[in-house]
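J.: Below you'll find input.csv; it's CSV, C-alpha atoms and all ligand atoms.
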chain,number,residue,atom,x,y,z
A,1,MET,CA,90.7,184.2,33.5
A,2,ASN,CA,91.9,187.8,33.4
A,3,ILE,CA,94.9,188.8,31.4
A,4,ILE,CA,96.8,191.8,30.2
A,5,LEU,CA,97.8,191.6,26.6
A,6,LEU,CA,100.8,193.7,25.7
A,7,GLY,CA,102.5,194.2,22.3
A,8,PRO,CA,103.9,197.1,20.3
A,9,PRO,CA,102.1,198.4,17.3
A,10,GLY,CA,102.5,196.0,14.4
A,11,ALA,CA,102.8,192.9,16.6
A,12,GLY,CA,99.2,191.8,15.9
A,13,LYS,CA,97.8,192.4,19.3
A,14,GLY,CA,94.4,193.5,18.0
A,15,THR,CA,94.0,190.3,15.9
A,16,GLN,CA,95.0,188.1,18.8
A,17,ALA,CA,92.7,189.8,21.2
A,18,GLN,CA,89.8,189.4,18.7
A,19,ARG,CA,90.5,185.7,18.5
A,20,LEU,CA,90.4,185.3,22.3
A,21,VAL,CA,87.1,187.1,22.3
A,22,GLU,CA,85.7,184.8,19.6
A,23,LYS,CA,87.1,181.6,20.9
A,24,PHE,CA,86.8,181.9,24.7
A,25,GLY,CA,84.0,184.6,25.0
A,26,MET,CA,86.5,186.9,26.7
A,27,ARG,CA,85.9,190.6,26.8
A,28,GLN,CA,88.4,193.1,25.6
A,29,LEU,CA,88.6,196.0,28.0
A,30,SER,CA,90.3,198.8,26.1
A,31,THR,CA,90.0,201.9,28.2
A,32,GLY,CA,89.7,204.3,25.2
A,33,ASP,CA,86.8,202.3,23.7
A,34,MET,CA,85.2,201.9,27.1
A,35,LEU,CA,85.4,205.6,27.8
A,36,ARG,CA,83.8,206.5,24.5
A,37,ALA,CA,81.1,203.9,25.0
A,38,ALA,CA,80.3,205.0,28.6
A,39,VAL,CA,80.1,208.6,27.5
A,40,LYS,CA,77.8,207.7,24.7
A,41,ALA,CA,75.6,205.5,26.8
A,42,GLY,CA,75.4,208.1,29.6
A,43,THR,CA,76.3,205.7,32.4
A,44,PRO,CA,77.1,207.4,35.8
A,45,VAL,CA,80.8,207.1,35.1
A,46,GLY,CA,80.4,208.2,31.5
A,47,LEU,CA,78.6,211.4,32.6
A,48,GLN,CA,81.4,212.1,35.0
A,49,ALA,CA,84.0,211.5,32.4
A,50,LYS,CA,82.2,213.7,29.9
A,51,ALA,CA,82.1,216.6,32.3
A,52,VAL,CA,85.9,216.3,32.8
A,53,MET,CA,86.6,216.1,29.1
A,54,GLU,CA,84.4,219.0,28.4
A,55,ARG,CA,86.5,221.1,30.8
A,56,GLY,CA,89.5,220.0,28.7
A,57,GLU,CA,91.0,217.9,31.5
A,58,LEU,CA,92.4,214.5,31.4
A,59,VAL,CA,90.3,211.7,32.8
A,60,SER,CA,91.7,210.7,36.2
A,61,ASP,CA,92.8,207.2,37.3
A,62,GLU,CA,89.7,207.2,39.7
A,63,ILE,CA,87.4,207.6,36.7
A,64,VAL,CA,89.2,204.9,34.7
A,65,SER,CA,89.1,202.6,37.7
A,66,ALA,CA,85.3,203.2,38.1
A,67,LEU,CA,84.9,202.6,34.4
A,68,ILE,CA,86.6,199.3,34.6
A,69,GLY,CA,84.6,198.3,37.7
A,70,GLU,CA,81.4,199.3,35.9
A,71,GLU,CA,82.3,197.2,32.9
A,72,LEU,CA,83.3,194.1,34.9
A,73,ASP,CA,80.0,194.3,36.8
A,74,ALA,CA,78.1,194.5,33.5
A,75,MET,CA,79.9,191.5,32.0
A,76,GLY,CA,79.1,189.1,34.9
A,77,THR,CA,81.3,186.5,36.4
A,78,GLU,CA,81.7,184.0,33.6
A,79,ALA,CA,83.6,185.9,31.0
A,80,GLY,CA,87.3,186.6,31.3
A,81,ALA,CA,88.8,190.0,30.7
A,82,ILE,CA,91.6,191.1,28.4
A,83,PHE,CA,93.0,194.4,29.5
A,84,ASP,CA,94.4,196.5,26.7
A,85,GLY,CA,96.2,199.7,27.2
A,86,TYR,CA,95.8,199.6,30.9
A,87,PRO,CA,97.4,199.7,33.4
A,88,ARG,CA,100.2,202.1,32.4
A,89,THR,CA,101.6,203.0,35.8
A,90,ALA,CA,102.4,201.3,39.1
A,91,ALA,CA,99.5,203.1,40.7
A,92,GLN,CA,97.1,201.8,38.1
A,93,ALA,CA,98.5,198.3,38.5
A,94,GLU,CA,97.7,198.5,42.2
A,95,SER,CA,94.2,199.9,41.5
A,96,LEU,CA,93.6,197.0,39.1
A,97,ASP,CA,94.4,194.5,41.8
A,98,GLY,CA,91.8,196.1,44.0
A,99,ILE,CA,89.2,196.4,41.3
A,100,LEU,CA,89.6,192.7,40.5
A,101,ALA,CA,89.8,191.5,44.1
A,102,ALA,CA,86.6,193.3,45.0
A,103,ARG,CA,84.9,191.1,42.3
A,104,GLY,CA,86.5,187.8,43.3
A,105,ARG,CA,88.8,188.0,40.3
A,106,LYS,CA,92.6,188.1,39.9
A,107,LEU,CA,95.1,188.8,37.2
A,108,ASP,CA,96.2,185.4,35.9
A,109,HIS,CA,98.6,186.2,33.1
A,110,VAL,CA,100.4,189.1,31.4
A,111,ILE,CA,101.2,188.1,27.9
A,112,GLU,CA,103.6,190.1,25.9
A,113,LEU,CA,103.9,189.8,22.1
A,114,ASP,CA,107.6,190.0,21.7
A,115,VAL,CA,109.0,191.5,18.5
A,116,ASP,CA,112.4,191.9,17.0
A,117,GLU,CA,112.6,195.6,16.3
A,118,ASP,CA,114.6,195.3,13.1
A,119,ALA,CA,112.4,192.5,11.8
A,120,LEU,CA,109.3,194.6,12.6
A,121,VAL,CA,110.8,197.6,10.7
A,122,GLU,CA,111.3,195.3,7.7
A,123,ARG,CA,107.8,193.9,8.0
A,124,ILE,CA,106.0,197.2,8.3
A,125,THR,CA,108.1,199.3,5.9
A,126,GLY,CA,107.7,196.7,3.1
A,127,ARG,CA,103.9,196.7,3.1
A,128,PHE,CA,102.0,198.1,0.2
A,129,THR,CA,98.6,197.6,-1.3
A,130,CYS,CA,96.8,197.7,-4.6
A,131,ALA,CA,95.4,201.2,-5.1
A,132,ASN,CA,92.4,199.8,-6.8
A,133,CYS,CA,91.3,196.7,-4.9
A,134,GLY,CA,93.3,197.0,-1.7
A,135,LYS,CA,95.0,193.6,-1.9
A,136,GLY,CA,98.0,193.6,0.4
A,137,TYR,CA,101.6,192.9,-0.7
A,138,HIS,CA,105.1,193.1,0.7
A,139,ASP,CA,108.5,194.1,-0.9
A,140,LYS,CA,110.2,191.0,0.4
A,141,PHE,CA,107.5,188.5,1.4
A,142,GLU,CA,104.7,188.8,-1.1
A,143,GLN,CA,105.4,190.5,-4.4
A,144,PRO,CA,102.7,190.3,-7.1
A,145,ARG,CA,103.3,187.3,-9.4
A,146,GLN,CA,104.0,189.7,-12.2
A,147,LEU,CA,106.0,192.6,-10.8
A,148,GLY,CA,104.0,195.8,-10.8
A,149,VAL,CA,100.7,194.2,-11.7
A,150,CYS,CA,98.1,193.3,-9.0
A,151,ASP,CA,97.3,189.6,-8.9
A,152,LYS,CA,93.7,190.2,-8.1
A,153,CYS,CA,92.6,193.0,-10.4
A,154,GLY,CA,95.4,193.8,-12.8
A,155,SER,CA,95.9,197.3,-11.6
A,156,THR,CA,99.4,198.8,-11.9
A,157,GLU,CA,98.9,201.4,-9.2
A,158,PHE,CA,100.0,200.7,-5.6
A,159,LYS,CA,100.1,202.7,-2.5
A,160,ARG,CA,101.9,202.8,0.8
A,161,ARG,CA,100.8,204.2,4.1
A,162,PRO,CA,102.8,207.3,5.1
A,163,ASP,CA,103.1,205.8,8.6
A,164,ASP,CA,104.8,202.7,7.4
A,165,ASN,CA,108.3,204.2,7.5
A,166,GLU,CA,111.3,203.3,9.7
A,167,GLU,CA,111.3,206.4,11.8
A,168,THR,CA,107.7,206.0,12.8
A,169,VAL,CA,108.1,202.4,13.6
A,170,ARG,CA,111.1,203.0,15.8
A,171,THR,CA,109.4,205.9,17.6
A,172,ARG,CA,106.4,203.8,18.3
A,173,MET,CA,108.6,201.0,19.7
A,174,ALA,CA,110.3,203.5,22.0
A,175,GLU,CA,106.9,204.8,23.1
A,176,TYR,CA,105.7,201.3,23.7
A,177,ARG,CA,108.8,200.4,25.8
A,178,ALA,CA,108.4,203.6,27.8
A,179,LYS,CA,104.7,202.8,28.5
A,180,THR,CA,105.2,199.3,29.6
A,181,ALA,CA,108.5,199.8,31.5
A,182,PRO,CA,106.7,200.9,34.7
A,183,ILE,CA,104.4,197.8,34.9
A,184,LEU,CA,106.4,194.9,33.6
A,185,PRO,CA,108.7,194.6,36.6
A,186,ILE,CA,105.7,194.5,38.9
A,187,TYR,CA,104.2,191.5,37.1
A,188,GLU,CA,107.6,189.9,36.5
A,189,ALA,CA,108.2,189.9,40.2
A,190,ARG,CA,104.9,187.9,40.5
A,191,GLY,CA,106.0,185.4,37.9
A,192,ILE,CA,103.0,185.9,35.7
A,193,VAL,CA,104.6,187.4,32.6
A,194,THR,CA,105.0,185.2,29.5
A,195,ARG,CA,106.4,186.3,26.2
A,196,VAL,CA,105.2,185.0,23.0
A,197,ASN,CA,107.1,185.4,19.7
A,198,GLY,CA,105.0,188.0,18.0
A,199,MET,CA,107.0,187.7,14.8
A,200,ALA,CA,105.7,184.1,14.2
A,201,GLU,CA,102.7,183.2,12.0
A,202,MET,CA,99.4,184.6,13.4
A,203,ASP,CA,98.1,181.0,14.0
A,204,HIS,CA,101.2,180.0,15.8
A,205,VAL,CA,101.0,183.1,18.0
A,206,THR,CA,97.3,182.3,18.7
A,207,ALA,CA,98.2,178.7,19.7
A,208,ALA,CA,101.0,179.9,22.0
A,209,ILE,CA,98.6,182.3,23.7
A,210,GLU,CA,96.0,179.5,24.1
A,211,ARG,CA,98.6,177.2,25.7
A,212,ILE,CA,99.4,179.9,28.3
A,213,ILE,CA,95.7,180.5,29.1
A,214,LYS,CA,95.0,176.8,29.5
A,215,SER,CA,98.0,176.1,31.6
A,301,ZN,ZN,94.2,195.0,-7.2
Let's see the structure in the file written out as structure tokens.
T.:
Amino acid sequence: MNIILLGPPGAGKGTQAQRLVEKFGMRQLSTGDMLRAAVKAGTPVGLQAKAVMERGELVSDEIVSALIGEELDAMGTEAGAIFDGYPRTAAQAESLDGILAARGRKLDHVIELDVDEDALVERITGRFTCANCGKGYHDKFEQPRQLGVCDKCGSTEFKRRPDDNEETVRTRMAEYRAKTAPILPIYEARGIVTRVNGMAEMDHVTAAIERIIKS
């Protein structure tokens, strides 16, 4: 089972990927993480990537492809792969087909965590945490029992992340749509894209993803 998991920032993609890793022993192949790990471990591809980055250049598609191949070879044939942040272009999507085919694998599903943009804005901009103990709250969905006093530690100081504002959320949504626009039609044409309501409860989202994987 090999899947691509897509979802805009704030849709809970990281959590869902982690659950698939824990429950099904899948491996999450995030190109950024893999690149850092390969450079650190000094693998052949890692050394190549390091030289490119030291020259201040961007890592090419060829290097990324080689990196994914190296990782798939290392993880053996049993574990499924969750691709995260890759592919981003039609060329990369084609490369991925080749990389998988060379190892007797194929892409089974593209799962997109679908969000309602306005609801996402509300969800993210309403978040705040206790400045003392870090307990999370929300303007609309989870106020402290006594307004202005942390349920857990009694502190009266709270903080918000500067990124949790409407403009940032909408910019990230636009970036996400721009990034996925080149590849979604390719997989839609193959009939392997399934959308899951990313605004639902985490556990419901997990259950929906599991149904797709087991289908
Ligand atoms: Zn607190």
J.: What lies within 12 Å of Ile212 of chain A using all atoms listed in the file, ignoring chain neighbours under 6 positions off, as a PDB file with C-alpha atoms, keeping the file's coordinate frame?
T.:
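Here's the written file out.pdb:
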ATOM      1  CA  MET A   1      90.700 184.200  33.500  1.00  0.00           C
ATOM      2  CA  ILE A   3      94.900 188.800  31.400  1.00  0.00           C
ATOM      3  CA  LEU A   5      97.800 191.600  26.600  1.00  0.00           C
ATOM      4  CA  ASP A 108      96.200 185.400  35.900  1.00  0.00           C
ATOM      5  CA  HIS A 109      98.600 186.200  33.100  1.00  0.00           C
ATOM      6  CA  VAL A 110     100.400 189.100  31.400  1.00  0.00           C
ATOM      7  CA  ILE A 111     101.200 188.100  27.900  1.00  0.00           C
ATOM      8  CA  GLU A 112     103.600 190.100  25.900  1.00  0.00           C
ATOM      9  CA  ILE A 192     103.000 185.900  35.700  1.00  0.00           C
ATOM     10  CA  VAL A 193     104.600 187.400  32.600  1.00  0.00           C
ATOM     11  CA  THR A 194     105.000 185.200  29.500  1.00  0.00           C
ATOM     12  CA  ARG A 195     106.400 186.300  26.200  1.00  0.00           C
ATOM     13  CA  VAL A 196     105.200 185.000  23.000  1.00  0.00           C
ATOM     14  CA  VAL A 205     101.000 183.100  18.000  1.00  0.00           C
ATOM     15  CA  THR A 206      97.300 182.300  18.700  1.00  0.00           C
TER      16      THR A 206
END
J.: Give as a VMD selection string each residue that has an atom at most 12 Å from (86.2, 203.4, 38.3) in the file, counting only C-alpha atoms.
T.: chain A and resid 31 34 to 35 38 43 to 46 48 to 49 59 to 73 92 95 to 96 98 to 100
J.: For atom CA of Val21 of chain A and atom CA of Tyr176 of chain A, determine how far apart the two atoms are, in Å to one decimal place.
T.: 23.4 Å
J.: Hey, which of A:Glu157, A:Glu22, A:Glu78, A:Glu54 ends up closest to ligand ZN 301 (chain A)? Count only C-alpha atoms and all ligand atoms.
T.: A:Glu157
J.: Near Asp84 of chain A, within 12 Å and counting all atoms listed in the file, which residues show up once chain neighbours fewer than 2 positions away are dropped, as a ChimeraX atom specification?
T.: /A:2-8,13-14,16-18,27-34,68,81-82,86-88,110-112,180
J.: Please identify all protein, DNA and RNA residues within 9 Å of ligand ZN 301 (chain A), counting all atoms listed in the file, and report them as a list in words.
T.: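 Listed by chain and ascending number, the contacts are Thr129, Cys130, Ala131, Asn132, Cys133, Gly134, Lys135, Gly136, Val149, Cys150, Asp151, Lys152, Cys153, Gly154, Ser155, Thr156, Glu157 and Phe158 of chain A.
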J.: Can you measure atom CA of Ala208 of chain A to atom CA of Arg105 of chain A for me? One decimal in Å is fine.
T.: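 These two atoms are separated by 23.4 Å.
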J.: Of the residues A:Asp164, A:Glu57, A:Ala93, A:Asp114, which is the one nearest to Gly126 of chain A, using all atoms listed in the file?
T.: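 Among the listed residues, the smallest separation from Gly126 of chain A belongs to A:Asp164.
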J.: Given the choices A:Arg160, A:Glu201, A:Glu117, A:Leu20, which gets closest to Ala174 of chain A if the distance is worked out from all atoms listed in the file?
T.: A:Glu117
J.: Looking at A:Lys23, A:Arg190, A:Arg161, A:Arg145, which one is nearest to Arg127 of chain A, with distances taken over only C-alpha atoms?
T.: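 Nearest to Arg127 of chain A: A:Arg161.
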J.: Please compute the atom CA of Glu122 of chain A-atom CA of Glu175 of chain A distance, one decimal, in Å.
T.: 18.6 Å
J.: If we count only C-alpha atoms and set the cut-off at 12 Å, which residues sit around Asp163 of chain A, ignoring sequence neighbours fewer than 6 positions away in its own chain? Please answer as a tab-separated table (two decimals) with C-alpha atoms, keeping the file's coordinate frame.
T.:
chain	number	residue	atom	x	y	z
A	9	PRO	CA	102.10	198.40	17.30
A	10	GLY	CA	102.50	196.00	14.40
A	121	VAL	CA	110.80	197.60	10.70
A	124	ILE	CA	106.00	197.20	8.30
A	125	THR	CA	108.10	199.30	5.90
A	126	GLY	CA	107.70	196.70	3.10
A	127	ARG	CA	103.90	196.70	3.10
A	128	PHE	CA	102.00	198.10	0.20
A	169	VAL	CA	108.10	202.40	13.60
A	170	ARG	CA	111.10	203.00	15.80
A	171	THR	CA	109.40	205.90	17.60
A	172	ARG	CA	106.40	203.80	18.30
J.: Starting from the incomplete input, reconstruct N, CA, C and O atoms of segment 38-55 of chain A and write that as an mmCIF file, keeping the file's coordinate frame.
T.:
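Final output, out_33.cif:
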data_model
loop_
_atom_site.group_PDB
_atom_site.id
_atom_site.type_symbol
_atom_site.label_atom_id
_atom_site.label_comp_id
_atom_site.auth_asym_id
_atom_site.auth_seq_id
_atom_site.Cartn_x
_atom_site.Cartn_y
_atom_site.Cartn_z
ATOM 1 N N ALA A 38 80.990 204.563 27.334
ATOM 2 C CA ALA A 38 80.300 205.000 28.600
ATOM 3 C C ALA A 38 79.751 206.399 28.417
ATOM 4 O O ALA A 38 78.652 206.703 28.878
ATOM 5 N N VAL A 39 80.520 207.264 27.747
ATOM 6 C CA VAL A 39 80.100 208.600 27.500
ATOM 7 C C VAL A 39 78.806 208.609 26.652
ATOM 8 O O VAL A 39 77.794 209.237 26.937
ATOM 9 N N LYS A 40 78.866 207.793 25.601
ATOM 10 C CA LYS A 40 77.800 207.700 24.700
ATOM 11 C C LYS A 40 76.503 207.137 25.338
ATOM 12 O O LYS A 40 75.394 207.604 25.116
ATOM 13 N N ALA A 41 76.703 206.105 26.177
ATOM 14 C CA ALA A 41 75.600 205.500 26.800
ATOM 15 C C ALA A 41 75.063 206.275 28.022
ATOM 16 O O ALA A 41 73.991 206.004 28.552
ATOM 17 N N GLY A 42 75.837 207.268 28.440
ATOM 18 C CA GLY A 42 75.400 208.100 29.600
ATOM 19 C C GLY A 42 75.366 207.374 30.884
ATOM 20 O O GLY A 42 74.505 207.646 31.721
ATOM 21 N N THR A 43 76.263 206.417 31.103
ATOM 22 C CA THR A 43 76.300 205.700 32.400
ATOM 23 C C THR A 43 76.817 206.748 33.441
ATOM 24 O O THR A 43 77.371 207.795 33.071
ATOM 25 N N PRO A 44 76.644 206.438 34.749
ATOM 26 C CA PRO A 44 77.100 207.400 35.800
ATOM 27 C C PRO A 44 78.568 207.797 35.583
ATOM 28 O O PRO A 44 78.905 208.990 35.629
ATOM 29 N N VAL A 45 79.429 206.809 35.335
ATOM 30 C CA VAL A 45 80.800 207.100 35.100
ATOM 31 C C VAL A 45 81.054 207.886 33.838
ATOM 32 O O VAL A 45 81.876 208.799 33.755
ATOM 33 N N GLY A 46 80.286 207.511 32.828
ATOM 34 C CA GLY A 46 80.400 208.200 31.500
ATOM 35 C C GLY A 46 80.052 209.657 31.640
ATOM 36 O O GLY A 46 80.734 210.506 31.050
ATOM 37 N N LEU A 47 78.998 209.978 32.422
ATOM 38 C CA LEU A 47 78.600 211.400 32.600
ATOM 39 C C LEU A 47 79.702 212.170 33.317
ATOM 40 O O LEU A 47 80.020 213.306 32.958
ATOM 41 N N GLN A 48 80.299 211.492 34.294
ATOM 42 C CA GLN A 48 81.400 212.100 35.000
ATOM 43 C C GLN A 48 82.579 212.391 34.104
ATOM 44 O O GLN A 48 83.151 213.477 34.117
ATOM 45 N N ALA A 49 82.915 211.391 33.302
ATOM 46 C CA ALA A 49 84.000 211.500 32.400
ATOM 47 C C ALA A 49 83.769 212.620 31.351
ATOM 48 O O ALA A 49 84.655 213.403 31.004
ATOM 49 N N LYS A 50 82.527 212.678 30.896
ATOM 50 C CA LYS A 50 82.200 213.700 29.900
ATOM 51 C C LYS A 50 82.376 215.089 30.423
ATOM 52 O O LYS A 50 82.931 215.948 29.741
ATOM 53 N N ALA A 51 81.961 215.301 31.672
ATOM 54 C CA ALA A 51 82.100 216.600 32.300
ATOM 55 C C ALA A 51 83.603 217.007 32.366
ATOM 56 O O ALA A 51 83.973 218.142 32.073
ATOM 57 N N VAL A 52 84.431 216.033 32.736
ATOM 58 C CA VAL A 52 85.900 216.300 32.800
ATOM 59 C C VAL A 52 86.454 216.643 31.476
ATOM 60 O O VAL A 52 87.193 217.621 31.315
ATOM 61 N N MET A 53 86.071 215.849 30.471
ATOM 62 C CA MET A 53 86.600 216.100 29.100
ATOM 63 C C MET A 53 86.140 217.397 28.550
ATOM 64 O O MET A 53 86.875 218.074 27.845
ATOM 65 N N GLU A 54 84.890 217.763 28.875
ATOM 66 C CA GLU A 54 84.400 219.000 28.400
ATOM 67 C C GLU A 54 85.103 220.234 28.981
ATOM 68 O O GLU A 54 85.133 221.303 28.388
ATOM 69 N N ARG A 55 85.672 220.002 30.148
ATOM 70 C CA ARG A 55 86.500 221.100 30.800
ATOM 71 C C ARG A 55 87.902 221.040 30.187
ATOM 72 O O ARG A 55 88.757 221.820 30.594
#
